[in-house]
$ cat final.pdb   # PDB, N, CA and C atoms
MODEL        1
ATOM      1  N   MET A 920     -28.211  19.600 -20.645
ATOM      2  CA  MET A 920     -28.051  19.555 -19.217
ATOM      3  C   MET A 920     -26.840  18.673 -18.869
ATOM      4  N   THR A 921     -25.935  19.211 -18.110
ATOM      5  CA  THR A 921     -24.729  18.503 -17.709
ATOM      6  C   THR A 921     -24.989  17.730 -16.425
ATOM      7  N   LYS A 922     -24.574  16.474 -16.430
ATOM      8  CA  LYS A 922     -24.738  15.656 -15.239
ATOM      9  C   LYS A 922     -23.611  15.971 -14.266
ATOM     10  N   THR A 923     -23.955  16.139 -13.002
ATOM     11  CA  THR A 923     -22.935  16.398 -11.993
ATOM     12  C   THR A 923     -22.678  15.121 -11.197
ATOM     13  N   TYR A 924     -21.446  14.954 -10.794
ATOM     14  CA  TYR A 924     -21.036  13.785 -10.034
ATOM     15  C   TYR A 924     -20.625  14.232  -8.644
ATOM     16  N   ARG A 925     -20.947  13.432  -7.667
ATOM     17  CA  ARG A 925     -20.704  13.813  -6.280
ATOM     18  C   ARG A 925     -19.256  13.623  -5.845
ATOM     19  N   HIS A 926     -18.517  12.780  -6.531
ATOM     20  CA  HIS A 926     -17.156  12.461  -6.106
ATOM     21  C   HIS A 926     -16.176  12.638  -7.263
ATOM     22  N   ASP A 927     -14.890  12.680  -6.907
ATOM     23  CA  ASP A 927     -13.858  12.817  -7.932
ATOM     24  C   ASP A 927     -12.600  12.066  -7.503
ATOM     25  N   GLY A 928     -11.524  12.315  -8.219
ATOM     26  CA  GLY A 928     -10.263  11.633  -7.939
ATOM     27  C   GLY A 928      -9.740  11.874  -6.541
ATOM     28  N   ALA A 929     -10.044  13.032  -5.972
ATOM     29  CA  ALA A 929      -9.604  13.325  -4.602
ATOM     30  C   ALA A 929     -10.248  12.359  -3.606
ATOM     31  N   ASP A 930     -11.473  11.952  -3.885
ATOM     32  CA  ASP A 930     -12.143  10.998  -3.002
ATOM     33  C   ASP A 930     -11.488   9.621  -3.091
ATOM     34  N   ILE A 931     -11.017   9.258  -4.267
ATOM     35  CA  ILE A 931     -10.299   7.990  -4.427
ATOM     36  C   ILE A 931      -9.026   8.020  -3.586
ATOM     37  N   ILE A 932      -8.298   9.115  -3.672
ATOM     38  CA  ILE A 932      -7.062   9.261  -2.897
ATOM     39  C   ILE A 932      -7.362   9.217  -1.400
ATOM     40  N   HIS A 933      -8.442   9.887  -0.999
ATOM     41  CA  HIS A 933      -8.828   9.878   0.418
ATOM     42  C   HIS A 933      -9.065   8.447   0.917
ATOM     43  N   ILE A 934      -9.753   7.646   0.124
ATOM     44  CA  ILE A 934     -10.015   6.254   0.507
ATOM     45  C   ILE A 934      -8.714   5.463   0.585
ATOM     46  N   LEU A 935      -7.832   5.665  -0.383
ATOM     47  CA  LEU A 935      -6.536   4.962  -0.350
ATOM     48  C   LEU A 935      -5.755   5.312   0.912
ATOM     49  N   VAL A 936      -5.740   6.585   1.249
ATOM     50  CA  VAL A 936      -4.993   7.018   2.436
ATOM     51  C   VAL A 936      -5.648   6.479   3.700
ATOM     52  N   LYS A 937      -6.962   6.654   3.798
ATOM     53  CA  LYS A 937      -7.655   6.273   5.027
ATOM     54  C   LYS A 937      -7.634   4.774   5.279
ATOM     55  N   TYR A 938      -7.906   3.983   4.266
ATOM     56  CA  TYR A 938      -8.092   2.553   4.496
ATOM     57  C   TYR A 938      -6.864   1.705   4.196
ATOM     58  N   VAL A 939      -5.994   2.149   3.337
ATOM     59  CA  VAL A 939      -4.803   1.356   3.015
ATOM     60  C   VAL A 939      -3.598   1.865   3.802
ATOM     61  N   GLU A 940      -3.339   3.152   3.724
ATOM     62  CA  GLU A 940      -2.160   3.708   4.390
ATOM     63  C   GLU A 940      -2.253   3.587   5.910
ATOM     64  N   GLN A 941      -3.433   3.840   6.476
ATOM     65  CA  GLN A 941      -3.580   3.719   7.929
ATOM     66  C   GLN A 941      -3.411   2.277   8.391
ATOM     67  N   SER A 942      -3.900   1.334   7.579
ATOM     68  CA  SER A 942      -3.712  -0.085   7.918
ATOM     69  C   SER A 942      -2.229  -0.447   7.874
ATOM     70  N   SER A 943      -1.534   0.058   6.866
ATOM     71  CA  SER A 943      -0.091  -0.195   6.758
ATOM     72  C   SER A 943       0.648   0.397   7.944
ATOM     73  N   SER A 944       0.239   1.580   8.348
ATOM     74  CA  SER A 944       0.863   2.237   9.487
ATOM     75  C   SER A 944       0.680   1.411  10.758
ATOM     76  N   ARG A 945      -0.520   0.899  10.956
ATOM     77  CA  ARG A 945      -0.772   0.065  12.138
ATOM     78  C   ARG A 945       0.077  -1.204  12.097
ATOM     79  N   LEU A 946       0.223  -1.795  10.911
ATOM     80  CA  LEU A 946       1.039  -3.002  10.791
ATOM     81  C   LEU A 946       2.501  -2.723  11.122
ATOM     82  N   ARG A 947       2.975  -1.532  10.734
ATOM     83  CA  ARG A 947       4.362  -1.168  11.061
ATOM     84  C   ARG A 947       4.529  -0.958  12.567
ATOM     85  N   ASP A 948       3.526  -0.336  13.200
ATOM     86  CA  ASP A 948       3.617  -0.025  14.627
ATOM     87  C   ASP A 948       3.388  -1.244  15.515
ATOM     88  N   LYS A 949       2.423  -2.086  15.138
ATOM     89  CA  LYS A 949       2.061  -3.252  15.952
ATOM     90  C   LYS A 949       1.890  -4.477  15.069
ATOM     91  N   PRO A 950       2.975  -5.054  14.565
ATOM     92  CA  PRO A 950       2.816  -6.242  13.727
ATOM     93  C   PRO A 950       2.267  -7.408  14.555
ATOM     94  N   GLY A 951       1.383  -8.168  13.955
ATOM     95  CA  GLY A 951       0.813  -9.320  14.645
ATOM     96  C   GLY A 951      -0.484  -9.755  13.987
ATOM     97  N   VAL A 952      -1.003 -10.863  14.442
ATOM     98  CA  VAL A 952      -2.214 -11.447  13.855
ATOM     99  C   VAL A 952      -3.384 -10.485  13.939
ATOM    100  N   ASP A 953      -3.581  -9.855  15.090
ATOM    101  CA  ASP A 953      -4.706  -8.927  15.247
ATOM    102  C   ASP A 953      -4.600  -7.747  14.292
ATOM    103  N   SER A 954      -3.402  -7.271  14.077
ATOM    104  CA  SER A 954      -3.206  -6.152  13.157
ATOM    105  C   SER A 954      -3.505  -6.562  11.714
ATOM    106  N   PHE A 955      -3.139  -7.780  11.348
ATOM    107  CA  PHE A 955      -3.454  -8.258   9.995
ATOM    108  C   PHE A 955      -4.959  -8.424   9.813
ATOM    109  N   LYS A 956      -5.638  -8.933  10.846
ATOM    110  CA  LYS A 956      -7.099  -9.061  10.772
ATOM    111  C   LYS A 956      -7.757  -7.691  10.663
ATOM    112  N   TYR A 957      -7.268  -6.739  11.453
ATOM    113  CA  TYR A 957      -7.785  -5.372  11.402
ATOM    114  C   TYR A 957      -7.562  -4.776  10.011
ATOM    115  N   ALA A 958      -6.370  -4.976   9.476
ATOM    116  CA  ALA A 958      -6.040  -4.436   8.149
ATOM    117  C   ALA A 958      -6.946  -5.037   7.077
ATOM    118  N   ALA A 959      -7.216  -6.336   7.157
ATOM    119  CA  ALA A 959      -8.101  -6.985   6.183
ATOM    120  C   ALA A 959      -9.499  -6.371   6.234
ATOM    121  N   LYS A 960     -10.000  -6.121   7.437
ATOM    122  CA  LYS A 960     -11.322  -5.499   7.588
ATOM    123  C   LYS A 960     -11.333  -4.083   7.051
ATOM    124  N   GLN A 961     -10.275  -3.331   7.329
ATOM    125  CA  GLN A 961     -10.192  -1.946   6.860
ATOM    126  C   GLN A 961     -10.127  -1.881   5.334
ATOM    127  N   VAL A 962      -9.357  -2.762   4.744
ATOM    128  CA  VAL A 962      -9.240  -2.794   3.281
ATOM    129  C   VAL A 962     -10.580  -3.171   2.655
ATOM    130  N   ALA A 963     -11.284  -4.125   3.260
ATOM    131  CA  ALA A 963     -12.609  -4.496   2.758
ATOM    132  C   ALA A 963     -13.572  -3.311   2.859
ATOM    133  N   LYS A 964     -13.485  -2.572   3.972
ATOM    134  CA  LYS A 964     -14.321  -1.378   4.140
ATOM    135  C   LYS A 964     -13.980  -0.329   3.087
ATOM    136  N   GLY A 965     -12.693  -0.147   2.822
ATOM    137  CA  GLY A 965     -12.255   0.800   1.800
ATOM    138  C   GLY A 965     -12.746   0.411   0.418
ATOM    139  N   ALA A 966     -12.725  -0.878   0.116
ATOM    140  CA  ALA A 966     -13.214  -1.349  -1.188
ATOM    141  C   ALA A 966     -14.695  -1.044  -1.343
ATOM    142  N   GLU A 967     -15.440  -1.234  -0.275
ATOM    143  CA  GLU A 967     -16.877  -0.937  -0.319
ATOM    144  C   GLU A 967     -17.118   0.557  -0.510
ATOM    145  N   LYS A 968     -16.356   1.377   0.188
ATOM    146  CA  LYS A 968     -16.473   2.840   0.024
ATOM    147  C   LYS A 968     -16.129   3.235  -1.407
ATOM    148  N   LEU A 969     -15.109   2.612  -1.965
ATOM    149  CA  LEU A 969     -14.695   2.894  -3.334
ATOM    150  C   LEU A 969     -15.810   2.549  -4.319
ATOM    151  N   ARG A 970     -16.449   1.424  -4.116
ATOM    152  CA  ARG A 970     -17.540   1.001  -5.000
ATOM    153  C   ARG A 970     -18.739   1.940  -4.929
ATOM    154  N   ARG A 971     -18.936   2.593  -3.809
ATOM    155  CA  ARG A 971     -20.100   3.467  -3.627
ATOM    156  C   ARG A 971     -19.902   4.886  -4.162
ATOM    157  N   LEU A 972     -18.684   5.215  -4.567
ATOM    158  CA  LEU A 972     -18.437   6.557  -5.091
ATOM    159  C   LEU A 972     -19.220   6.782  -6.385
ATOM    160  N   LYS A 973     -19.755   7.967  -6.522
ATOM    161  CA  LYS A 973     -20.444   8.382  -7.751
ATOM    162  C   LYS A 973     -19.442   9.194  -8.568
ATOM    163  N   LEU A 974     -18.716   8.490  -9.437
ATOM    164  CA  LEU A 974     -17.622   9.090 -10.193
ATOM    165  C   LEU A 974     -18.032   9.391 -11.626
ATOM    166  N   SER A 975     -17.374  10.383 -12.200
ATOM    167  CA  SER A 975     -17.571  10.683 -13.613
ATOM    168  C   SER A 975     -16.940   9.563 -14.443
ATOM    169  N   PRO A 976     -17.318   9.446 -15.705
ATOM    170  CA  PRO A 976     -16.681   8.424 -16.556
ATOM    171  C   PRO A 976     -15.153   8.570 -16.602
ATOM    172  N   GLU A 977     -14.680   9.788 -16.583
ATOM    173  CA  GLU A 977     -13.230  10.041 -16.603
ATOM    174  C   GLU A 977     -12.564   9.494 -15.335
ATOM    175  N   ASP A 978     -13.154   9.787 -14.176
ATOM    176  CA  ASP A 978     -12.582   9.310 -12.915
ATOM    177  C   ASP A 978     -12.782   7.810 -12.721
ATOM    178  N   ARG A 979     -13.790   7.247 -13.361
ATOM    179  CA  ARG A 979     -14.084   5.826 -13.244
ATOM    180  C   ARG A 979     -13.163   4.974 -14.113
ATOM    181  N   ARG A 980     -12.466   5.624 -15.037
ATOM    182  CA  ARG A 980     -11.580   4.895 -15.942
ATOM    183  C   ARG A 980     -10.529   4.123 -15.141
ATOM    184  N   HIS A 981     -10.393   2.869 -15.462
ATOM    185  CA  HIS A 981      -9.405   1.963 -14.851
ATOM    186  C   HIS A 981      -9.688   1.652 -13.379
ATOM    187  N   ILE A 982     -10.865   2.033 -12.868
ATOM    188  CA  ILE A 982     -11.168   1.798 -11.450
ATOM    189  C   ILE A 982     -11.223   0.308 -11.126
ATOM    190  N   SER A 983     -11.496  -0.519 -12.129
ATOM    191  CA  SER A 983     -11.537  -1.964 -11.888
ATOM    192  C   SER A 983     -10.174  -2.483 -11.408
ATOM    193  N   LEU A 984      -9.102  -1.810 -11.818
ATOM    194  CA  LEU A 984      -7.774  -2.191 -11.324
ATOM    195  C   LEU A 984      -7.669  -1.963  -9.819
ATOM    196  N   LEU A 985      -8.256  -0.874  -9.335
ATOM    197  CA  LEU A 985      -8.233  -0.618  -7.896
ATOM    198  C   LEU A 985      -9.103  -1.611  -7.138
ATOM    199  N   TYR A 986     -10.260  -1.959  -7.695
ATOM    200  CA  TYR A 986     -11.105  -2.970  -7.055
ATOM    201  C   TYR A 986     -10.323  -4.268  -6.898
ATOM    202  N   ALA A 987      -9.651  -4.671  -7.963
ATOM    203  CA  ALA A 987      -8.869  -5.910  -7.925
ATOM    204  C   ALA A 987      -7.700  -5.793  -6.947
ATOM    205  N   ALA A 988      -7.076  -4.618  -6.887
ATOM    206  CA  ALA A 988      -5.961  -4.404  -5.962
ATOM    207  C   ALA A 988      -6.438  -4.499  -4.511
ATOM    208  N   PHE A 989      -7.586  -3.889  -4.223
ATOM    209  CA  PHE A 989      -8.138  -3.968  -2.871
ATOM    210  C   PHE A 989      -8.440  -5.424  -2.513
ATOM    211  N   SER A 990      -8.991  -6.173  -3.453
ATOM    212  CA  SER A 990      -9.312  -7.577  -3.201
ATOM    213  C   SER A 990      -8.039  -8.377  -2.909
ATOM    214  N   ALA A 991      -7.019  -8.190  -3.721
ATOM    215  CA  ALA A 991      -5.760  -8.907  -3.510
ATOM    216  C   ALA A 991      -5.109  -8.499  -2.185
ATOM    217  N   LEU A 992      -5.199  -7.218  -1.847
ATOM    218  CA  LEU A 992      -4.622  -6.740  -0.589
ATOM    219  C   LEU A 992      -5.354  -7.351   0.607
ATOM    220  N   ARG A 993      -6.678  -7.395   0.542
ATOM    221  CA  ARG A 993      -7.465  -8.013   1.616
ATOM    222  C   ARG A 993      -7.087  -9.486   1.760
ATOM    223  N   GLN A 994      -6.972 -10.181   0.634
ATOM    224  CA  GLN A 994      -6.610 -11.595   0.673
ATOM    225  C   GLN A 994      -5.211 -11.793   1.253
ATOM    226  N   SER A 995      -4.299 -10.880   0.958
ATOM    227  CA  SER A 995      -2.944 -11.008   1.501
ATOM    228  C   SER A 995      -2.939 -10.805   3.014
ATOM    229  N   MET A 996      -3.746  -9.864   3.498
ATOM    230  CA  MET A 996      -3.825  -9.623   4.946
ATOM    231  C   MET A 996      -4.448 -10.827   5.661
ATOM    232  N   GLU A 997      -5.484 -11.412   5.045
ATOM    233  CA  GLU A 997      -6.108 -12.606   5.625
ATOM    234  C   GLU A 997      -5.130 -13.774   5.647
ATOM    235  N   ALA A 998      -4.342 -13.917   4.583
ATOM    236  CA  ALA A 998      -3.344 -14.992   4.534
ATOM    237  C   ALA A 998      -2.282 -14.784   5.606
ATOM    238  N   ALA A 999      -1.862 -13.545   5.796
ATOM    239  CA  ALA A 999      -0.860 -13.263   6.824
ATOM    240  C   ALA A 999      -1.402 -13.588   8.214
ATOM    241  N   ALA A1000      -2.670 -13.266   8.445
ATOM    242  CA  ALA A1000      -3.282 -13.566   9.745
ATOM    243  C   ALA A1000      -3.330 -15.073   9.998
ATOM    244  N   ARG A1001      -3.478 -15.859   8.930
ATOM    245  CA  ARG A1001      -3.483 -17.325   9.045
ATOM    246  C   ARG A1001      -2.076 -17.900   9.124
ATOM    247  N   GLY A1002      -1.073 -17.095   8.808
ATOM    248  CA  GLY A1002       0.303 -17.574   8.804
ATOM    249  C   GLY A1002       0.735 -18.179   7.486
ATOM    250  N   ASP A1003      -0.029 -17.956   6.436
ATOM    251  CA  ASP A1003       0.283 -18.483   5.101
ATOM    252  C   ASP A1003       1.182 -17.484   4.365
ATOM    253  N   VAL A1004       2.464 -17.599   4.581
ATOM    254  CA  VAL A1004       3.435 -16.637   4.062
ATOM    255  C   VAL A1004       3.484 -16.640   2.537
ATOM    256  N   ALA A1005       3.395 -17.805   1.927
ATOM    257  CA  ALA A1005       3.454 -17.888   0.458
ATOM    258  C   ALA A1005       2.273 -17.156  -0.176
ATOM    259  N   MET A1006       1.076 -17.374   0.337
ATOM    260  CA  MET A1006      -0.112 -16.711  -0.206
ATOM    261  C   MET A1006      -0.046 -15.206   0.076
ATOM    262  N   TYR A1007       0.408 -14.849   1.269
ATOM    263  CA  TYR A1007       0.570 -13.428   1.607
ATOM    264  C   TYR A1007       1.470 -12.741   0.583
ATOM    265  N   SER A1008       2.614 -13.342   0.301
ATOM    266  CA  SER A1008       3.579 -12.749  -0.633
ATOM    267  C   SER A1008       3.004 -12.630  -2.038
ATOM    268  N   GLU A1009       2.327 -13.672  -2.494
ATOM    269  CA  GLU A1009       1.749 -13.673  -3.842
ATOM    270  C   GLU A1009       0.664 -12.605  -3.984
ATOM    271  N   LYS A1010      -0.241 -12.554  -3.016
ATOM    272  CA  LYS A1010      -1.341 -11.590  -3.092
ATOM    273  C   LYS A1010      -0.841 -10.155  -2.913
ATOM    274  N   MET A1011       0.178  -9.969  -2.096
ATOM    275  CA  MET A1011       0.747  -8.627  -1.919
ATOM    276  C   MET A1011       1.424  -8.177  -3.218
ATOM    277  N   ARG A1012       2.116  -9.101  -3.887
ATOM    278  CA  ARG A1012       2.736  -8.781  -5.172
ATOM    279  C   ARG A1012       1.667  -8.379  -6.182
ATOM    280  N   GLN A1013       0.575  -9.138  -6.214
ATOM    281  CA  GLN A1013      -0.535  -8.820  -7.115
ATOM    282  C   GLN A1013      -1.107  -7.434  -6.818
ATOM    283  N   ALA A1014      -1.351  -7.153  -5.546
ATOM    284  CA  ALA A1014      -1.925  -5.859  -5.154
ATOM    285  C   ALA A1014      -1.008  -4.708  -5.574
ATOM    286  N   ASN A1015       0.286  -4.865  -5.326
ATOM    287  CA  ASN A1015       1.237  -3.819  -5.711
ATOM    288  C   ASN A1015       1.265  -3.618  -7.217
ATOM    289  N   SER A1016       1.237  -4.721  -7.957
ATOM    290  CA  SER A1016       1.249  -4.644  -9.410
ATOM    291  C   SER A1016      -0.008  -3.939  -9.936
ATOM    292  N   LEU A1017      -1.163  -4.306  -9.397
ATOM    293  CA  LEU A1017      -2.425  -3.700  -9.841
ATOM    294  C   LEU A1017      -2.488  -2.212  -9.504
ATOM    295  N   MET A1018      -2.031  -1.845  -8.318
ATOM    296  CA  MET A1018      -2.027  -0.423  -7.948
ATOM    297  C   MET A1018      -1.041   0.354  -8.821
ATOM    298  N   GLY A1019       0.080  -0.267  -9.130
ATOM    299  CA  GLY A1019       1.040   0.372 -10.029
ATOM    300  C   GLY A1019       0.464   0.553 -11.425
ATOM    301  N   ASP A1020      -0.241  -0.460 -11.921
ATOM    302  CA  ASP A1020      -0.902  -0.355 -13.231
ATOM    303  C   ASP A1020      -1.918   0.779 -13.229
ATOM    304  N   TYR A1021      -2.714   0.858 -12.170
ATOM    305  CA  TYR A1021      -3.715   1.929 -12.072
ATOM    306  C   TYR A1021      -3.023   3.295 -12.095
ATOM    307  N   ASN A1022      -1.978   3.422 -11.313
ATOM    308  CA  ASN A1022      -1.256   4.695 -11.247
ATOM    309  C   ASN A1022      -0.667   5.071 -12.603
ATOM    310  N   ARG A1023      -0.038   4.123 -13.287
ATOM    311  CA  ARG A1023       0.553   4.403 -14.603
ATOM    312  C   ARG A1023      -0.511   4.798 -15.619
ATOM    313  N   ARG A1024      -1.615   4.080 -15.623
ATOM    314  CA  ARG A1024      -2.653   4.362 -16.615
ATOM    315  C   ARG A1024      -3.358   5.692 -16.362
ATOM    316  N   CYS A1025      -3.485   6.058 -15.102
ATOM    317  CA  CYS A1025      -4.194   7.304 -14.797
ATOM    318  C   CYS A1025      -3.289   8.531 -14.843
ATOM    319  N   SER A1026      -1.998   8.347 -14.679
ATOM    320  CA  SER A1026      -1.103   9.501 -14.687
ATOM    321  C   SER A1026      -0.457   9.734 -16.045
ATOM    322  N   GLY A1027      -0.585   8.788 -16.936
ATOM    323  CA  GLY A1027       0.117   8.946 -18.197
ATOM    324  C   GLY A1027      -0.702   8.850 -19.371
TER     325      GLY A1027
ENDMDL
END
$ encode --input "final.pdb" --output "structure tokens"
Amino acid sequence: MTKTYRHDGADIIHILVKYVEQSSSRLRDKPGVDSFKYAAKQVAKGAEKLRRLKLSPEDRRHISLLYAAFSALRQSMEAAARGDVAMYSEKMRQANSLMGDYNRRCSG
């Protein structure tokens, strides 16, 4: 009997687009403290949605990198809302690096 999974890689992409890309878009359109707070909440919501996905072992491979990237991204948005530019830059660099690692490992 083959086990079926409710979600796949397309659901991961959907979460990235909905919770990360839309937050980035809002930050570009309306930069400010409220937008950074909103983005932090959206990223946290996206991380929770990501954790709840029922993925196959293949799709789950390297997912911990995305969890860590979401965490670093949320922390960077919170730091920006506080005005902590150094922490914002560091956490954003971490998030970009982790997402890049995930992309390289899953595409190659």
$ atom_distance --input "final.pdb" --atom1 "atom C of A:Ala963" --atom2 "atom C of A:Val936"
12.6 Å
$ closest_residue --input "final.pdb" --among "A:Ser954, A:Gln994, A:Asn1022, A:Ser983" --to "A:Glu1009" --atoms "all atoms listed in the file"
A:Gln994
$ resolve_selection --input "final.pdb" --expression "the PyMOL selection byres ((chain A and resi 926) around 8)" --output "ChimeraX atom specification"
/A:923-925,927-931,972-975,978
$ atom_distance --input "final.pdb" --atom1 "atom N of A:Arg947" --atom2 "atom C of A:Leu992"
14.3 Å
$ resolve_selection --input "final.pdb" --expression "the PyMOL selection byres (((chain A and resi 1001-1004 and name CA) around 12) and name CA)" --output "ChimeraX atom specification"
/A:951-956,959,994-1000,1005-1011
$ closest_residue --input "final.pdb" --among "A:His933, A:Pro976, A:Ala987, A:Lys964" --to "A:Met1018" --atoms "only N, CA and C atoms"
A:Ala987
$ atom_distance --input "final.pdb" --atom1 "atom N of A:Glu967" --atom2 "atom N of A:Tyr986"
9.1 Å
$ closest_residue --input "final.pdb" --among "A:Ser943, A:Ser990, A:Tyr1021, A:Arg979" --to "A:Ala966" --atoms "all atoms listed in the file"
A:Ser990
$ closest_residue --input "final.pdb" --among "A:Arg1024, A:Ser1016, A:Gly965, A:Phe989" --to "A:Ile934" --atoms "all atoms listed in the file"
A:Gly965
$ select_by_dssp --input "final.pdb" --residues "chain A" --states "alpha helix (DSSP H)" --output "PyMOL selection string"
chain A and resi 928-934+941-948+952-971+976-979+982-1001+1004-1026
$ closest_residue --input "final.pdb" --among "A:Arg993, A:Arg970, A:Arg980, A:Arg1023" --to "A:Ser942" --atoms "only C-alpha atoms"
A:Arg993
